[in-house]
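Visitor: Pasting target.cif here (mmCIF, C-alpha atoms):
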data_upload
loop_
_atom_site.group_PDB
_atom_site.id
_atom_site.type_symbol
_atom_site.label_atom_id
_atom_site.label_comp_id
_atom_site.auth_asym_id
_atom_site.auth_seq_id
_atom_site.Cartn_x
_atom_site.Cartn_y
_atom_site.Cartn_z
ATOM 1 C CA MET D 1 59.147 41.800 -66.008
ATOM 2 C CA ILE D 2 61.337 41.784 -69.092
ATOM 3 C CA HIS D 3 65.035 41.214 -68.618
ATOM 4 C CA ARG D 4 67.406 42.480 -71.242
ATOM 5 C CA MET D 5 70.888 41.051 -71.423
ATOM 6 C CA VAL D 6 73.549 43.282 -72.959
ATOM 7 C CA VAL D 7 76.628 41.523 -74.275
ATOM 8 C CA CYS D 8 79.719 43.660 -74.660
ATOM 9 C CA LEU D 9 82.056 42.234 -77.255
ATOM 10 C CA MET D 10 85.645 43.046 -76.439
ATOM 11 C CA PRO D 11 87.930 43.411 -79.440
ATOM 12 C CA LEU D 12 90.000 40.306 -80.009
ATOM 13 C CA GLY D 13 93.606 40.344 -81.134
ATOM 14 C CA PRO D 14 96.019 43.216 -81.673
ATOM 15 C CA SER D 15 94.817 46.736 -82.379
ATOM 16 C CA SER D 16 95.055 48.242 -85.819
ATOM 17 C CA LYS D 17 97.501 50.863 -84.534
ATOM 18 C CA GLN D 18 99.838 48.217 -83.109
ATOM 19 C CA LEU D 19 99.803 46.267 -86.348
ATOM 20 C CA PHE D 20 100.250 49.409 -88.436
ATOM 21 C CA TYR D 21 103.441 50.405 -86.619
ATOM 22 C CA PHE D 22 104.675 46.802 -86.493
ATOM 23 C CA MET D 23 104.271 46.502 -90.288
ATOM 24 C CA ALA D 24 106.058 49.841 -90.730
ATOM 25 C CA VAL D 25 109.078 48.528 -88.794
ATOM 26 C CA LEU D 26 109.174 45.356 -90.905
ATOM 27 C CA ARG D 27 108.840 47.356 -94.100
ATOM 28 C CA THR D 28 111.587 49.885 -93.277
ATOM 29 C CA GLY D 29 113.925 47.649 -91.277
ATOM 30 C CA SER D 30 114.281 49.845 -88.189
ATOM 31 C CA VAL D 31 112.269 51.698 -85.555
ATOM 32 C CA ARG D 32 113.806 55.045 -86.515
ATOM 33 C CA ALA D 33 113.057 54.607 -90.213
ATOM 34 C CA ALA D 34 109.488 53.560 -89.370
ATOM 35 C CA ALA D 35 109.080 56.658 -87.197
ATOM 36 C CA GLU D 36 110.250 58.893 -90.042
ATOM 37 C CA GLU D 37 107.867 57.198 -92.470
ATOM 38 C CA CYS D 38 104.912 57.499 -90.078
ATOM 39 C CA ASN D 39 105.895 61.025 -88.949
ATOM 40 C CA VAL D 40 105.927 60.136 -85.231
ATOM 41 C CA GLU D 41 108.573 59.881 -82.524
ATOM 42 C CA PRO D 42 110.560 56.612 -82.355
ATOM 43 C CA SER D 43 109.278 56.145 -78.807
ATOM 44 C CA VAL D 44 105.726 55.889 -80.171
ATOM 45 C CA ILE D 45 106.759 53.074 -82.496
ATOM 46 C CA SER D 46 108.724 51.277 -79.764
ATOM 47 C CA ARG D 47 105.834 51.521 -77.291
ATOM 48 C CA GLN D 48 103.254 50.161 -79.731
ATOM 49 C CA VAL D 49 105.497 47.253 -80.764
ATOM 50 C CA ALA D 50 106.291 46.522 -77.112
ATOM 51 C CA ASN D 51 102.572 46.517 -76.297
ATOM 52 C CA LEU D 52 101.978 44.139 -79.192
ATOM 53 C CA GLU D 53 104.712 41.787 -77.976
ATOM 54 C CA ALA D 54 103.319 41.933 -74.442
ATOM 55 C CA GLU D 55 99.805 41.184 -75.642
ATOM 56 C CA LEU D 56 100.945 38.248 -77.758
ATOM 57 C CA GLY D 57 103.501 37.050 -75.238
ATOM 58 C CA VAL D 58 106.295 36.558 -77.774
ATOM 59 C CA PRO D 59 109.216 38.627 -79.060
ATOM 60 C CA LEU D 60 108.666 39.877 -82.595
ATOM 61 C CA LEU D 61 111.853 41.781 -83.419
ATOM 62 C CA GLN D 62 115.538 41.151 -82.874
ATOM 63 C CA ARG D 63 118.153 43.859 -83.053
ATOM 64 C CA ARG D 64 120.813 43.483 -85.733
ATOM 65 C CA GLY D 65 123.244 46.334 -86.172
ATOM 66 C CA ARG D 66 121.253 49.532 -86.442
ATOM 67 C CA GLY D 67 118.131 47.751 -87.587
ATOM 68 C CA VAL D 68 115.858 44.900 -86.614
ATOM 69 C CA VAL D 69 114.930 41.541 -88.123
ATOM 70 C CA PRO D 70 111.664 39.615 -87.635
ATOM 71 C CA THR D 71 111.450 36.510 -85.459
ATOM 72 C CA ASP D 72 109.559 33.411 -86.554
ATOM 73 C CA ALA D 73 106.634 34.662 -84.490
ATOM 74 C CA ALA D 74 106.736 37.960 -86.387
ATOM 75 C CA ARG D 75 106.278 36.103 -89.662
ATOM 76 C CA LEU D 76 103.121 34.510 -88.269
ATOM 77 C CA VAL D 77 101.854 37.946 -87.262
ATOM 78 C CA LEU D 78 102.669 39.183 -90.774
ATOM 79 C CA ASP D 79 100.507 36.392 -92.239
ATOM 80 C CA TYR D 80 97.755 37.401 -89.839
ATOM 81 C CA CYS D 81 98.016 41.015 -91.020
ATOM 82 C CA ARG D 82 97.593 39.927 -94.623
ATOM 83 C CA GLU D 83 94.587 37.763 -93.756
ATOM 84 C CA ARG D 84 93.101 40.595 -91.749
ATOM 85 C CA GLY D 85 93.676 42.948 -94.695
ATOM 86 C CA ALA D 86 91.921 40.494 -96.985
ATOM 87 C CA GLY D 87 89.045 40.367 -94.491
ATOM 88 C CA ASP D 88 88.867 44.160 -94.512
ATOM 89 C CA ASP D 89 88.712 44.054 -98.301
ATOM 90 C CA ALA D 90 85.854 41.553 -98.098
ATOM 91 C CA LEU D 91 83.976 43.979 -95.837
ATOM 92 C CA ARG D 92 84.625 46.833 -98.266
ATOM 93 C CA MET D 93 83.392 44.566 -101.050
ATOM 94 C CA ARG D 94 80.031 44.063 -99.361
ATOM 95 C CA LEU D 95 79.730 47.757 -98.561
ATOM 96 C CA ALA D 96 80.558 48.623 -102.161
ATOM 97 C CA GLU D 97 77.795 46.286 -103.327
ATOM 98 C CA LEU D 98 75.372 48.444 -101.372
ATOM 99 C CA GLU D 99 76.815 51.532 -103.005
ATOM 100 C CA GLY D 100 76.421 50.125 -106.518
ATOM 101 C CA LEU D 101 80.053 50.778 -107.512
ATOM 102 C CA LYS D 102 79.774 54.425 -106.574
ATOM 103 C CA ARG D 103 82.941 54.255 -104.517
ATOM 104 C CA GLY D 104 85.824 51.916 -103.822
ATOM 105 C CA HIS D 105 89.339 51.326 -105.063
ATOM 106 C CA LEU D 106 91.118 49.015 -107.452
ATOM 107 C CA ARG D 107 94.871 48.376 -107.663
ATOM 108 C CA ILE D 108 96.417 46.800 -110.758
ATOM 109 C CA MET D 109 100.011 46.031 -111.744
ATOM 110 C CA VAL D 110 100.521 45.887 -115.502
ATOM 111 C CA GLY D 111 103.468 44.786 -117.598
ATOM 112 C CA ASP D 112 105.049 47.615 -119.570
ATOM 113 C CA GLY D 113 104.301 46.032 -122.946
ATOM 114 C CA LEU D 114 100.611 45.631 -122.065
ATOM 115 C CA VAL D 115 99.876 49.091 -120.685
ATOM 116 C CA ASP D 116 98.713 50.800 -123.881
ATOM 117 C CA ALA D 117 96.364 48.000 -124.965
ATOM 118 C CA PHE D 118 94.951 47.663 -121.441
ATOM 119 C CA MET D 119 94.353 51.395 -121.103
ATOM 120 C CA ASP D 120 92.825 51.826 -124.555
ATOM 121 C CA THR D 121 90.554 48.784 -124.641
ATOM 122 C CA VAL D 122 89.553 48.280 -120.999
ATOM 123 C CA LEU D 123 90.598 50.746 -118.316
ATOM 124 C CA LEU D 124 89.480 54.021 -119.899
ATOM 125 C CA ALA D 125 85.999 52.575 -120.353
ATOM 126 C CA PHE D 126 85.994 51.444 -116.716
ATOM 127 C CA CYS D 127 87.005 54.915 -115.482
ATOM 128 C CA ARG D 128 84.422 56.554 -117.732
ATOM 129 C CA HIS D 129 81.560 54.433 -116.381
ATOM 130 C CA HIS D 130 82.684 54.314 -112.728
ATOM 131 C CA PRO D 131 84.259 57.683 -111.851
ATOM 132 C CA GLY D 132 83.757 57.046 -108.124
ATOM 133 C CA ILE D 133 86.153 54.098 -108.117
ATOM 134 C CA GLU D 134 89.737 55.098 -107.395
ATOM 135 C CA VAL D 135 92.003 53.176 -109.774
ATOM 136 C CA ALA D 136 95.733 52.835 -109.124
ATOM 137 C CA VAL D 137 97.919 51.420 -111.901
ATOM 138 C CA GLU D 138 101.528 50.405 -111.371
ATOM 139 C CA VAL D 139 103.885 49.246 -114.090
ATOM 140 C CA GLY D 140 106.099 46.309 -113.217
ATOM 141 C CA GLY D 141 107.598 43.078 -114.434
ATOM 142 C CA ALA D 142 105.972 39.662 -114.287
ATOM 143 C CA SER D 143 107.681 38.695 -111.020
ATOM 144 C CA ASP D 144 106.681 42.053 -109.514
ATOM 145 C CA ALA D 145 103.066 41.428 -110.507
ATOM 146 C CA VAL D 146 103.024 37.961 -108.917
ATOM 147 C CA ARG D 147 104.537 39.328 -105.714
ATOM 148 C CA ALA D 148 102.174 42.307 -105.559
ATOM 149 C CA VAL D 149 99.108 40.108 -106.047
ATOM 150 C CA ALA D 150 100.294 37.394 -103.644
ATOM 151 C CA GLU D 151 100.917 39.991 -100.922
ATOM 152 C CA ASP D 152 97.561 41.735 -101.523
ATOM 153 C CA HIS D 153 99.254 44.926 -102.657
ATOM 154 C CA CYS D 154 97.270 44.703 -105.907
ATOM 155 C CA HIS D 155 93.929 43.153 -106.799
ATOM 156 C CA PHE D 156 95.132 42.194 -110.291
ATOM 157 C CA GLY D 157 98.300 41.583 -112.187
ATOM 158 C CA LEU D 158 98.333 41.762 -115.981
ATOM 159 C CA ALA D 159 101.641 40.201 -116.935
ATOM 160 C CA PHE D 160 103.558 38.601 -119.750
ATOM 161 C CA SER D 161 104.295 34.929 -118.982
ATOM 162 C CA PRO D 162 104.353 35.348 -115.169
ATOM 163 C CA PRO D 163 106.325 32.770 -113.163
ATOM 164 C CA ALA D 164 104.259 29.951 -111.684
ATOM 165 C CA SER D 165 103.172 30.476 -108.075
ATOM 166 C CA ALA D 166 100.767 28.604 -105.814
ATOM 167 C CA ALA D 167 99.788 31.965 -104.324
ATOM 168 C CA VAL D 168 98.099 33.246 -107.501
ATOM 169 C CA ARG D 169 95.749 31.913 -110.143
ATOM 170 C CA VAL D 170 95.233 32.879 -113.765
ATOM 171 C CA VAL D 171 91.679 34.057 -114.470
ATOM 172 C CA ARG D 172 92.169 35.043 -118.110
ATOM 173 C CA GLN D 173 94.949 34.480 -120.638
ATOM 174 C CA ARG D 174 95.731 34.740 -124.320
ATOM 175 C CA PRO D 175 98.587 33.729 -126.621
ATOM 176 C CA GLN D 176 101.153 36.501 -126.974
ATOM 177 C CA PRO D 177 104.145 35.161 -128.919
ATOM 178 C CA VAL D 178 107.493 36.905 -128.730
ATOM 179 C CA ARG D 179 108.659 38.226 -132.090
ATOM 180 C CA ALA D 180 111.960 39.437 -133.479
ATOM 181 C CA VAL D 181 111.340 43.162 -133.891
ATOM 182 C CA MET D 182 113.475 45.296 -136.193
ATOM 183 C CA ALA D 183 113.402 48.113 -138.737
ATOM 184 C CA PRO D 184 112.132 47.038 -142.187
ATOM 185 C CA GLY D 185 115.540 47.760 -143.707
ATOM 186 C CA HIS D 186 117.487 45.646 -141.233
ATOM 187 C CA ALA D 187 119.352 42.684 -142.748
ATOM 188 C CA ALA D 188 117.460 40.150 -140.619
ATOM 189 C CA ALA D 189 114.146 41.429 -142.014
ATOM 190 C CA ALA D 190 115.089 39.975 -145.410
ATOM 191 C CA LEU D 191 115.557 36.445 -144.036
ATOM 192 C CA PRO D 192 112.765 33.896 -144.540
ATOM 193 C CA ALA D 193 110.370 33.535 -141.623
ATOM 194 C CA PRO D 194 110.247 32.028 -139.105
ATOM 195 C CA LEU D 195 113.686 33.115 -137.977
ATOM 196 C CA SER D 196 115.935 30.848 -135.940
ATOM 197 C CA LEU D 197 117.589 32.000 -132.733
ATOM 198 C CA PRO D 198 121.058 30.967 -134.011
ATOM 199 C CA ALA D 199 120.541 33.204 -137.057
ATOM 200 C CA LEU D 200 119.497 36.102 -134.819
ATOM 201 C CA ALA D 201 122.504 35.576 -132.530
ATOM 202 C CA SER D 202 124.787 36.902 -135.277
ATOM 203 C CA HIS D 203 123.077 40.326 -135.201
ATOM 204 C CA ALA D 204 123.319 43.124 -132.639
ATOM 205 C CA CYS D 205 120.396 42.854 -130.236
ATOM 206 C CA ALA D 206 118.640 44.641 -127.406
ATOM 207 C CA LEU D 207 117.116 42.652 -124.547
ATOM 208 C CA ALA D 208 114.795 43.357 -121.658
ATOM 209 C CA ALA D 209 116.609 43.763 -118.350
ATOM 210 C CA PRO D 210 117.312 40.775 -116.082
ATOM 211 C CA GLY D 211 114.451 40.197 -113.648
ATOM 212 C CA THR D 212 111.736 40.941 -116.195
ATOM 213 C CA GLY D 213 109.389 38.223 -117.430
ATOM 214 C CA LEU D 214 110.409 38.892 -121.030
ATOM 215 C CA ARG D 215 114.119 38.463 -120.296
ATOM 216 C CA ALA D 216 113.435 35.248 -118.378
ATOM 217 C CA LEU D 217 111.433 33.911 -121.304
ATOM 218 C CA VAL D 218 114.129 34.724 -123.860
ATOM 219 C CA GLN D 219 116.769 33.237 -121.570
ATOM 220 C CA THR D 220 114.787 30.016 -121.235
ATOM 221 C CA ALA D 221 114.418 29.816 -125.021
ATOM 222 C CA THR D 222 118.121 30.364 -125.711
ATOM 223 C CA ASP D 223 119.163 27.933 -122.971
ATOM 224 C CA ALA D 224 116.923 25.279 -124.523
ATOM 225 C CA GLU D 225 118.732 25.711 -127.845
ATOM 226 C CA GLY D 226 122.186 25.949 -126.285
ATOM 227 C CA ILE D 227 122.943 29.393 -127.669
ATOM 228 C CA GLU D 228 123.778 32.745 -126.111
ATOM 229 C CA LEU D 229 122.492 36.175 -127.042
ATOM 230 C CA ARG D 230 124.925 38.892 -126.052
ATOM 231 C CA PRO D 231 122.987 42.165 -125.978
ATOM 232 C CA CYS D 232 124.633 45.453 -126.790
ATOM 233 C CA PHE D 233 121.672 47.284 -125.233
ATOM 234 C CA VAL D 234 119.500 46.461 -122.195
ATOM 235 C CA ALA D 235 116.417 48.274 -120.843
ATOM 236 C CA ASN D 236 113.753 47.538 -118.249
ATOM 237 C CA THR D 237 110.949 49.198 -120.224
ATOM 238 C CA VAL D 238 109.621 48.715 -123.736
ATOM 239 C CA ALA D 239 110.132 52.259 -125.062
ATOM 240 C CA PRO D 240 113.980 52.180 -125.191
ATOM 241 C CA LEU D 241 113.906 48.745 -126.837
ATOM 242 C CA LYS D 242 111.590 50.098 -129.530
ATOM 243 C CA ARG D 243 113.799 53.147 -130.039
ATOM 244 C CA PHE D 244 116.809 50.856 -130.493
ATOM 245 C CA ALA D 245 114.996 48.915 -133.216
ATOM 246 C CA LEU D 246 113.569 52.046 -134.856
ATOM 247 C CA ALA D 247 117.087 53.436 -135.184
ATOM 248 C CA GLY D 248 118.071 50.355 -137.175
ATOM 249 C CA LEU D 249 120.712 49.405 -134.595
ATOM 250 C CA GLY D 250 119.653 45.784 -134.336
ATOM 251 C CA VAL D 251 116.983 43.307 -133.298
ATOM 252 C CA THR D 252 114.925 43.255 -130.112
ATOM 253 C CA PHE D 253 112.407 40.756 -128.748
ATOM 254 C CA LEU D 254 108.856 41.940 -128.035
ATOM 255 C CA SER D 255 105.278 40.951 -128.701
ATOM 256 C CA ALA D 256 103.511 42.394 -131.724
ATOM 257 C CA HIS D 257 101.058 43.979 -129.307
ATOM 258 C CA ALA D 258 103.839 46.012 -127.690
ATOM 259 C CA VAL D 259 104.791 47.599 -131.028
ATOM 260 C CA ALA D 260 101.341 47.788 -132.633
ATOM 261 C CA PRO D 261 101.508 51.535 -133.536
ATOM 262 C CA GLU D 262 104.941 51.115 -135.133
ATOM 263 C CA LEU D 263 103.781 48.059 -137.068
ATOM 264 C CA ALA D 264 100.739 49.925 -138.342
ATOM 265 C CA ALA D 265 102.965 52.815 -139.464
ATOM 266 C CA LEU D 266 105.329 50.345 -141.188
ATOM 267 C CA GLN D 267 108.184 51.639 -139.030
ATOM 268 C CA LEU D 268 108.952 48.193 -137.614
ATOM 269 C CA VAL D 269 108.371 44.568 -138.536
ATOM 270 C CA ALA D 270 107.715 41.737 -136.087
ATOM 271 C CA VAL D 271 108.902 38.386 -137.407
ATOM 272 C CA PRO D 272 107.950 34.986 -135.905
ATOM 273 C CA ILE D 273 110.752 32.980 -134.307
ATOM 274 C CA ALA D 274 111.098 29.215 -134.726
ATOM 275 C CA ASN D 275 111.112 28.463 -130.998
ATOM 276 C CA PRO D 276 108.204 26.817 -129.167
ATOM 277 C CA ILE D 277 108.895 28.653 -125.905
ATOM 278 C CA LEU D 278 108.682 32.087 -127.515
ATOM 279 C CA GLU D 279 105.801 31.044 -129.772
ATOM 280 C CA THR D 280 103.594 29.815 -126.905
ATOM 281 C CA SER D 281 104.160 32.653 -124.423
ATOM 282 C CA ARG D 282 101.009 34.199 -122.961
ATOM 283 C CA ALA D 283 99.581 37.371 -121.474
ATOM 284 C CA CYS D 284 97.859 36.508 -118.179
ATOM 285 C CA LEU D 285 95.476 38.223 -115.793
ATOM 286 C CA ILE D 286 96.196 36.968 -112.266
ATOM 287 C CA VAL D 287 94.563 37.306 -108.842
ATOM 288 C CA ARG D 288 95.525 35.957 -105.440
ATOM 289 C CA GLU D 289 94.378 32.397 -104.834
ATOM 290 C CA GLY D 290 91.379 32.407 -102.502
ATOM 291 C CA ARG D 291 90.814 36.162 -102.601
ATOM 292 C CA ALA D 292 87.268 37.430 -103.066
ATOM 293 C CA LEU D 293 87.358 40.205 -105.640
ATOM 294 C CA PRO D 294 85.515 43.449 -104.926
ATOM 295 C CA PRO D 295 82.598 44.275 -107.251
ATOM 296 C CA ALA D 296 84.877 46.693 -109.094
ATOM 297 C CA GLY D 297 87.202 43.772 -109.832
ATOM 298 C CA SER D 298 84.374 41.660 -111.209
ATOM 299 C CA ARG D 299 83.291 44.594 -113.345
ATOM 300 C CA LEU D 300 86.821 44.985 -114.694
ATOM 301 C CA ILE D 301 86.912 41.329 -115.746
ATOM 302 C CA GLN D 302 83.565 41.814 -117.471
ATOM 303 C CA LEU D 303 85.030 44.728 -119.441
ATOM 304 C CA PHE D 304 88.030 42.589 -120.425
ATOM 305 C CA ASP D 305 85.539 40.060 -121.811
ATOM 306 C CA ASP D 306 83.355 42.674 -123.492
ATOM 307 C CA ALA D 307 86.407 44.148 -125.243
ATOM 308 C CA GLY D 308 87.589 40.706 -126.368
ATOM 309 C CA PHE D 309 90.968 41.429 -124.808
ATOM 310 C CA PHE D 310 91.711 37.745 -124.269
ATOM 311 C CA GLN D 311 89.924 36.461 -127.369
ATOM 312 C CA ASN D 312 91.695 38.565 -130.009
ATOM 313 C CA PRO D 313 95.463 38.321 -129.543
ATOM 314 C CA ALA D 314 96.196 39.956 -132.876
ATOM 315 C CA ALA D 315 94.323 43.160 -132.077
ATOM 316 C CA GLY D 316 96.392 46.190 -132.878
ATOM 317 C CA GLY D 317 99.004 44.266 -134.842
ATOM 318 C CA LYS D 318 97.016 42.309 -137.385
ATOM 319 C CA GLY D 319 98.348 42.574 -140.895
ATOM 320 C CA ASN D 320 101.775 43.810 -139.761
ATOM 321 C CA ASP D 321 103.026 40.755 -137.884
ATOM 322 C CA ARG D 322 104.864 38.793 -140.577
ATOM 323 C CA LEU D 323 103.689 35.173 -140.726
#
What do you get writing this file as structure tokens?

Guide:
Amino acid sequence: MIHRMVVCLMPLGPSSKQLFYFMAVLRTGSVRAAAEECNVEPSVISRQVANLEAELGVPLLQRRGRGVVPTDAARLVLDYCRERGAGDDALRMRLAELEGLKRGHLRIMVGDGLVDAFMDTVLLAFCRHHPGIEVAVEVGGASDAVRAVAEDHCHFGLAFSPPASAAVRVVRQRPQPVRAVMAPGHAAAALPAPLSLPALASHACALAAPGTGLRALVQTATDAEGIELRPCFVANTVAPLKRFALAGLGVTFLSAHAVAPELAALQLVAVPIANPILETSRACLIVREGRALPPAGSRLIQLFDDAGFFQNPAAGGKGNDRL
């Protein structure tokens, strides 16, 4: 007689629905706002969070005014959610391997000054060869990219001199010096290169907005030299800074890569600056420390390498970047 033993594995830990509504409350700051975002009644949110608290045996939310704030236990649950999400991604990775990159998704945050080069040399080729992979690109600053990668919102960040973080690691990088960018007829364009920051401080300038990696880099450079740049124009994207320089209104600070078309058309010049901080800045491709990339991510890195994206820093600006 053959005996067969059937083992029923009960699901361990909170349900996906409980965690989904719990994360929605943390993200929006209140039960009502979470209900509006999820298109359900507030009572549904409250019941699922209450069930989660009962299952875990700890309070997760504390009322404050009209909203809620997380307890210390809630922060542990949040870490668990991120780890669980990473585990789900690992499962999708293995399934995608079986599918041969016929389906999947890839999320990337790219610095504004790197978007054109990334699209033209890498991403369009990826989309052409793998139309089944859903690619989502967001444009954000260096700090945004680090945060998005560290929190598993994005698989990759392509950023200009991102701030150091133990939560991410750099998988590829290249030199991308910051230049003084101006119209060819601007007075500073006639000065001998490399230009000094004190000399540039006497001219009207446009700077990237506070909170961007570029602004932080320029601020670090000026602080090191004990000078102050007082911008008359500030923008959080590259296009307005280029327009400022094209109009001959003053000097801005960008990489040659960010203004490659204008350099090629002789509409702008990009002059080296005698500052080691600006001269040694880098463009970096970052991923979360410890995260296993999906096959689509590995393929994207391969395309970066095939295109020489990190081996040819002068691409697109060679011959127009004054040395």

Visitor: Could you pull the residues within 8 Å of region 117-123 of chain D, counting only C-alpha atoms, minus those fewer than 2 positions along the same chain, as a short mmCIF file (atom, residue, chain, number, x, y, z; two decimals) with C-alpha atoms, in the coordinates of the input?

Guide:
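Result file follows (around38.cif):
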data_model
loop_
_atom_site.label_atom_id
_atom_site.label_comp_id
_atom_site.auth_asym_id
_atom_site.auth_seq_id
_atom_site.Cartn_x
_atom_site.Cartn_y
_atom_site.Cartn_z
CA LEU D 114 100.61 45.63 -122.06
CA VAL D 115 99.88 49.09 -120.68
CA ALA D 125 86.00 52.58 -120.35
CA PHE D 126 85.99 51.44 -116.72
CA CYS D 127 87.00 54.92 -115.48
CA HIS D 257 101.06 43.98 -129.31
CA LEU D 300 86.82 44.98 -114.69
CA LEU D 303 85.03 44.73 -119.44
CA PHE D 304 88.03 42.59 -120.42
CA ALA D 307 86.41 44.15 -125.24
CA PHE D 309 90.97 41.43 -124.81
#

Visitor: Apply the PyMOL selection byres ((chain D and resi 59-76) around 9) to the file shown and report the selected residues as a list of chain:residue names.

Guide: D:Phe22, D:Val25, D:Leu26, D:Thr28, D:Gly29, D:Ser30, D:Val31, D:Arg32, D:Ala33, D:Val49, D:Ala50, D:Leu52, D:Glu53, D:Ala54, D:Leu56, D:Gly57, D:Val58, D:Val77, D:Leu78, D:Asp79, D:Tyr80, D:Cys81

Visitor: How would you write, as a PyMOL selection string, the residues chosen by the PyMOL selection byres ((chain D and resi 45) around 10) on this structure?

Guide: chain D and resi 17-18+20-22+24-25+30-32+34-35+38+40-44+46-51

Visitor: Deliver the residues from the most recent selection as a file, using C-alpha atoms, as a short mmCIF file (atom, residue, chain, number, x, y, z; two decimals), keeping the file's coordinate frame.

Guide:
data_model
loop_
_atom_site.label_atom_id
_atom_site.label_comp_id
_atom_site.auth_asym_id
_atom_site.auth_seq_id
_atom_site.Cartn_x
_atom_site.Cartn_y
_atom_site.Cartn_z
CA LYS D 17 97.50 50.86 -84.53
CA GLN D 18 99.84 48.22 -83.11
CA PHE D 20 100.25 49.41 -88.44
CA TYR D 21 103.44 50.40 -86.62
CA PHE D 22 104.68 46.80 -86.49
CA ALA D 24 106.06 49.84 -90.73
CA VAL D 25 109.08 48.53 -88.79
CA SER D 30 114.28 49.84 -88.19
CA VAL D 31 112.27 51.70 -85.56
CA ARG D 32 113.81 55.04 -86.52
CA ALA D 34 109.49 53.56 -89.37
CA ALA D 35 109.08 56.66 -87.20
CA CYS D 38 104.91 57.50 -90.08
CA VAL D 40 105.93 60.14 -85.23
CA GLU D 41 108.57 59.88 -82.52
CA PRO D 42 110.56 56.61 -82.36
CA SER D 43 109.28 56.14 -78.81
CA VAL D 44 105.73 55.89 -80.17
CA SER D 46 108.72 51.28 -79.76
CA ARG D 47 105.83 51.52 -77.29
CA GLN D 48 103.25 50.16 -79.73
CA VAL D 49 105.50 47.25 -80.76
CA ALA D 50 106.29 46.52 -77.11
CA ASN D 51 102.57 46.52 -76.30
#

Visitor: For a test of reading the model, state the distance in Å between CA of Arg179 (chain D) and CA of Lys242 (chain D), rounded to one decimal.

Guide: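 Going from CA of Arg179 (chain D) over to CA of Lys242 (chain D), I get 12.5 Å.
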
Visitor: If the PyMOL selection byres ((chain D and resi 113) around 8) is run on the structure shown, which residues does it catch, given as a PyMOL selection string?

Guide: chain D and resi 111-112+114-116+237-238+254-255+257-258

Visitor: Near Gly100 (chain D), within 12 Å and counting all atoms listed in the file, which residues show up once chain neighbours fewer than 4 positions away are dropped, as a PyMOL selection string?

Guide: chain D and resi 93-96+104+129-130+132-133+294-296+299

Visitor: Could you tell me how far CA of Ala206 (chain D) sits from CA of Ala235 (chain D), in Å to one decimal place?

Guide: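 Distance between the two atoms: 7.8 Å.
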
Visitor: Just the number, please: distance in Å from CA of Leu106 (chain D) to CA of Glu83 (chain D), one decimal.

Guide: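 It comes out at 18.1 Å.
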
Visitor: When you look at region 160-162 of chain D with a cut-off of 6 Å (counting all atoms listed in the file), what residues show up, excluding the ones that are within fewer than 6 positions of it in the same chain? I need them as number ranges by chain.

Guide: D: 142, 281-283

Visitor: Scan for residues within 12 Å of the point (117.3, 30.7, -133.8) in the coordinates of the file, using only C-alpha atoms, and reply as JSON, numbers by chain.

Guide: {"D": [179, 180, 188, 191, 193, 194, 195, 196, 197, 198, 199, 200, 201, 202, 203, 218, 221, 222, 223, 224, 225, 226, 227, 228, 229, 271, 272, 273, 274, 275, 276, 277, 278]}

Visitor: Show me, as a list in words, the residues that have an atom within 12 Å of Gln311 (chain D) when counting all atoms listed in the file, minus same-chain residues fewer than 5 positions from it.

Guide: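 Final neighbour list, sorted by chain and number: Arg172, Gln173, Arg174, Pro175, Gln176, Ala283, Phe304, Asp305 and Asp306 of chain D.
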
Visitor: Using all atoms listed in the file, which of D:Ala86, D:Ala190, D:Val170, D:Ala245 sits nearest His153 (chain D)?

Guide: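 Among D:Ala86, D:Ala190, D:Val170, D:Ala245, it is D:Ala86 that comes nearest to His153 (chain D).
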